[in-house]
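A quick write-up on the structure given underneath.
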Amino acid sequence: MLFANLYPNFNKGRILKKEMLENLRDYPRSFIDICFKKYSDGIIAGADIAVGEDELTIGTGMIKHNGTMYMLEDEYRLPYHATGAEAIIKVRFTEKAEHSDFVSYGTEILLSQDMQVKRDECELGRFKLKEGARLRSEYQDFADLATEYNTVNIIHAQYAGVEKSTLHPYILRYFATDILKHNCSNPYDIVFAMQCMNQPAVDRELILYYIVNRLEIPYTQYSNEQIHKYLGRIVEEVKRGHRVKPGARHGGPQRVIVD
């Protein structure tokens, strides 16, 4: 069959046929599979983390794993407490189960202190909460996204992109907002920031090429953590109006040597 659009007619007096029900079953599934066929595993949309007093709320969303799409249609609440140790919020994919009426691909959402993300898992975020402290998901600036304690860190979250996973869109929109509000004049910055604001997910290769051209550093497959660090350096340059040297200290007294 060539390109087509089949829509069953549920008119009064017509016999309800198996093919009509199959069309309703398969059309939305096929539509989603075609749209995200070239995407890597990871979060497709949603699955945002909201912080409560003693529980995390995972918002509705969609995740791809091993070519299969998984939907979270209702918010999920996950209890947490302070341990002082790093914990990771994971989605763990369970084995396929066949029932009389359905074939199901299930998951579980859990907090784990095993920081290794296995092949049957996907990371949503991580944090390290001290006793007596309050967990937060609001950030004071771009660098604060990587704060070690008492802050939800989504830098390592596996977000789906074309062929390769990419950074969480929240991080890139935060970067773009910081860049644009400081009236930057560098065309690389402006074009890339516009891309971050206009796209739900920015291609990983585009992020890498922007960083290496903007900072004049060698190209390699930088990790999410390294990418955040380099984007942070660019934010500092834009704010200060000049290039920040690698390893430079921000703020505090500076030592001057007089010969």
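Chain labels follow the order of the structure tokens: the first chain is A, the next B, and so on; residue numbering restarts at 1 in every chain, and ligands are counted from 1 in their shown order.
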**Asked** Which residues come within 12 Å of range 173-190 of chain A, counting only C-alpha atoms, excluding same-chain residues fewer than 6 positions away, as a PyMOL selection string?
**Response** chain A and resi 138-145+167+196-202+206-207+209-215+227-243
**Request:** With a distance cut-off of 6 Å and only C-alpha atoms, select the neighbouring residues of range 117-134 of chain A, excluding the residue or stretch itself and same-chain residues fewer than 2 positions from it, and output the selection as a list in words.
**Result:** Ala82, Gly84, Ala85, Glu86, Ala87, Ile88, Ile89, Lys90, Val91, Arg92, Phe93, Tyr149, Asn150, Thr151, Val152, Asn153, Ile154, Ala157 and Gln158 of chain A
Requested write-out: all heavy atoms of the selected residues, as a compact mmCIF listing (two decimals), in the first residue's frame:
```txt
# COMPACT_ATOMS: atom_id res chain seq x y z
N ALA A 82 16.45 12.25 53.29
CA ALA A 82 17.86 12.63 53.30
C ALA A 82 18.72 11.47 53.78
O ALA A 82 18.45 10.86 54.82
CB ALA A 82 18.07 13.85 54.20
N GLY A 84 22.38 11.82 52.76
CA GLY A 84 23.74 12.33 52.61
C GLY A 84 24.51 11.66 51.50
O GLY A 84 25.62 12.08 51.15
N ALA A 85 23.92 10.60 50.89
CA ALA A 85 24.57 9.89 49.79
C ALA A 85 23.87 10.23 48.49
O ALA A 85 22.69 10.59 48.48
CB ALA A 85 24.53 8.39 50.04
N GLU A 86 24.59 10.09 47.39
CA GLU A 86 24.02 10.39 46.09
C GLU A 86 22.99 9.33 45.71
O GLU A 86 23.22 8.13 45.91
CB GLU A 86 25.11 10.47 45.02
CG GLU A 86 24.64 11.09 43.72
CD GLU A 86 25.79 11.44 42.79
OE1 GLU A 86 26.88 10.85 42.95
OE2 GLU A 86 25.61 12.32 41.93
N ALA A 87 21.86 9.76 45.19
CA ALA A 87 20.80 8.86 44.76
C ALA A 87 20.39 9.23 43.35
O ALA A 87 20.44 10.40 42.96
CB ALA A 87 19.61 8.93 45.70
N ILE A 88 19.98 8.23 42.60
CA ILE A 88 19.62 8.44 41.20
C ILE A 88 18.17 8.01 40.99
O ILE A 88 17.73 6.99 41.53
CB ILE A 88 20.60 7.68 40.28
CG1 ILE A 88 20.36 8.00 38.81
CG2 ILE A 88 20.54 6.19 40.52
CD1 ILE A 88 21.45 7.48 37.91
N ILE A 89 17.43 8.82 40.23
CA ILE A 89 16.04 8.50 39.90
C ILE A 89 16.05 7.75 38.57
O ILE A 89 16.45 8.29 37.55
CB ILE A 89 15.20 9.79 39.78
CG1 ILE A 89 15.38 10.65 41.03
CG2 ILE A 89 13.73 9.45 39.55
CD1 ILE A 89 15.05 12.11 40.82
N LYS A 90 15.63 6.50 38.62
CA LYS A 90 15.72 5.64 37.45
C LYS A 90 14.34 5.14 37.01
O LYS A 90 13.45 4.93 37.83
CB LYS A 90 16.57 4.39 37.74
CG LYS A 90 18.03 4.66 38.06
CD LYS A 90 18.74 3.33 38.34
CE LYS A 90 20.22 3.53 38.62
NZ LYS A 90 20.89 2.23 38.87
N VAL A 91 14.23 4.93 35.70
CA VAL A 91 13.14 4.12 35.16
C VAL A 91 13.76 2.78 34.78
O VAL A 91 14.72 2.74 34.01
CB VAL A 91 12.51 4.78 33.92
CG1 VAL A 91 11.43 3.87 33.33
CG2 VAL A 91 11.91 6.13 34.27
N ARG A 92 13.23 1.71 35.34
CA ARG A 92 13.74 0.37 35.03
C ARG A 92 12.70 -0.36 34.19
O ARG A 92 11.52 -0.42 34.55
CB ARG A 92 14.02 -0.40 36.30
CG ARG A 92 14.57 -1.82 36.07
CD ARG A 92 15.00 -2.44 37.38
NE ARG A 92 16.15 -1.74 37.94
CZ ARG A 92 16.50 -1.80 39.23
NH1 ARG A 92 15.77 -2.52 40.07
NH2 ARG A 92 17.56 -1.14 39.66
N PHE A 93 13.13 -0.89 33.06
CA PHE A 93 12.22 -1.55 32.12
C PHE A 93 12.16 -3.04 32.43
O PHE A 93 13.19 -3.71 32.53
CB PHE A 93 12.68 -1.30 30.68
CG PHE A 93 12.77 0.16 30.34
CD1 PHE A 93 13.96 0.86 30.53
CD2 PHE A 93 11.67 0.84 29.86
CE1 PHE A 93 14.04 2.21 30.24
CE2 PHE A 93 11.74 2.19 29.56
CZ PHE A 93 12.93 2.88 29.75
N TYR A 149 25.09 19.33 46.33
CA TYR A 149 24.19 18.97 47.43
C TYR A 149 22.83 19.65 47.33
O TYR A 149 22.73 20.81 46.91
CB TYR A 149 24.84 19.32 48.77
CG TYR A 149 25.95 18.37 49.17
CD1 TYR A 149 27.29 18.71 48.94
CD2 TYR A 149 25.67 17.14 49.77
CE1 TYR A 149 28.31 17.84 49.31
CE2 TYR A 149 26.68 16.28 50.14
CZ TYR A 149 28.00 16.62 49.91
OH TYR A 149 29.01 15.76 50.26
N ASN A 150 21.80 18.92 47.72
CA ASN A 150 20.46 19.46 47.98
C ASN A 150 19.79 20.03 46.73
O ASN A 150 18.87 20.84 46.84
CB ASN A 150 20.51 20.54 49.07
CG ASN A 150 21.30 20.10 50.29
OD1 ASN A 150 21.27 18.92 50.67
ND2 ASN A 150 22.03 21.03 50.89
N THR A 151 20.24 19.61 45.56
CA THR A 151 19.72 20.14 44.31
C THR A 151 19.49 19.00 43.31
O THR A 151 20.37 18.17 43.12
CB THR A 151 20.70 21.15 43.69
OG1 THR A 151 21.01 22.16 44.66
CG2 THR A 151 20.11 21.81 42.46
N VAL A 152 18.33 18.97 42.68
CA VAL A 152 18.06 17.96 41.66
C VAL A 152 18.93 18.28 40.44
O VAL A 152 18.90 19.39 39.90
CB VAL A 152 16.58 17.94 41.27
CG1 VAL A 152 16.34 16.99 40.09
CG2 VAL A 152 15.72 17.53 42.45
N ASN A 153 19.71 17.30 40.01
CA ASN A 153 20.64 17.45 38.89
C ASN A 153 20.10 16.66 37.70
O ASN A 153 19.98 15.43 37.77
CB ASN A 153 22.02 16.94 39.31
CG ASN A 153 23.07 17.12 38.23
OD1 ASN A 153 22.77 17.09 37.04
ND2 ASN A 153 24.31 17.30 38.64
N ILE A 154 19.78 17.36 36.60
CA ILE A 154 19.26 16.69 35.41
C ILE A 154 20.27 16.67 34.27
O ILE A 154 19.94 16.32 33.14
CB ILE A 154 17.95 17.35 34.93
CG1 ILE A 154 18.17 18.85 34.63
CG2 ILE A 154 16.84 17.16 35.95
CD1 ILE A 154 16.96 19.52 33.99
N ALA A 157 20.62 13.23 32.79
CA ALA A 157 19.40 12.59 32.30
C ALA A 157 19.55 12.22 30.83
O ALA A 157 20.10 13.00 30.03
CB ALA A 157 18.20 13.52 32.50
N GLN A 158 19.05 11.05 30.48
CA GLN A 158 19.16 10.58 29.09
C GLN A 158 17.98 11.10 28.30
O GLN A 158 16.88 10.57 28.38
CB GLN A 158 19.22 9.05 29.05
CG GLN A 158 19.45 8.49 27.66
CD GLN A 158 19.44 6.97 27.64
OE1 GLN A 158 19.26 6.33 28.67
NE2 GLN A 158 19.62 6.39 26.47
```
**Request:** Among the residues of range 131-242 of chain A, find those DSSP assigns to strand (DSSP E or B) from the backbone and print them as a PyMOL selection string.
**Result:** chain A and resi 136+151+153+159+162+166
**Asked** Where in range 42-259 of chain A does DSSP assign helix (DSSP H, G or I), given as number ranges by chain?
**Response** A: 143-146, 169-181, 187-198, 204-215, 224-240
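Counting only C-alpha atoms, the residue from A:Thr147, A:Ser112, A:Thr68, A:Ser100 that sits nearest to Ile32 in chain A is A:Thr68.
As for CA of Ile43 in chain A and CA of His168 in chain A, they are spaced 8.7 Å apart.
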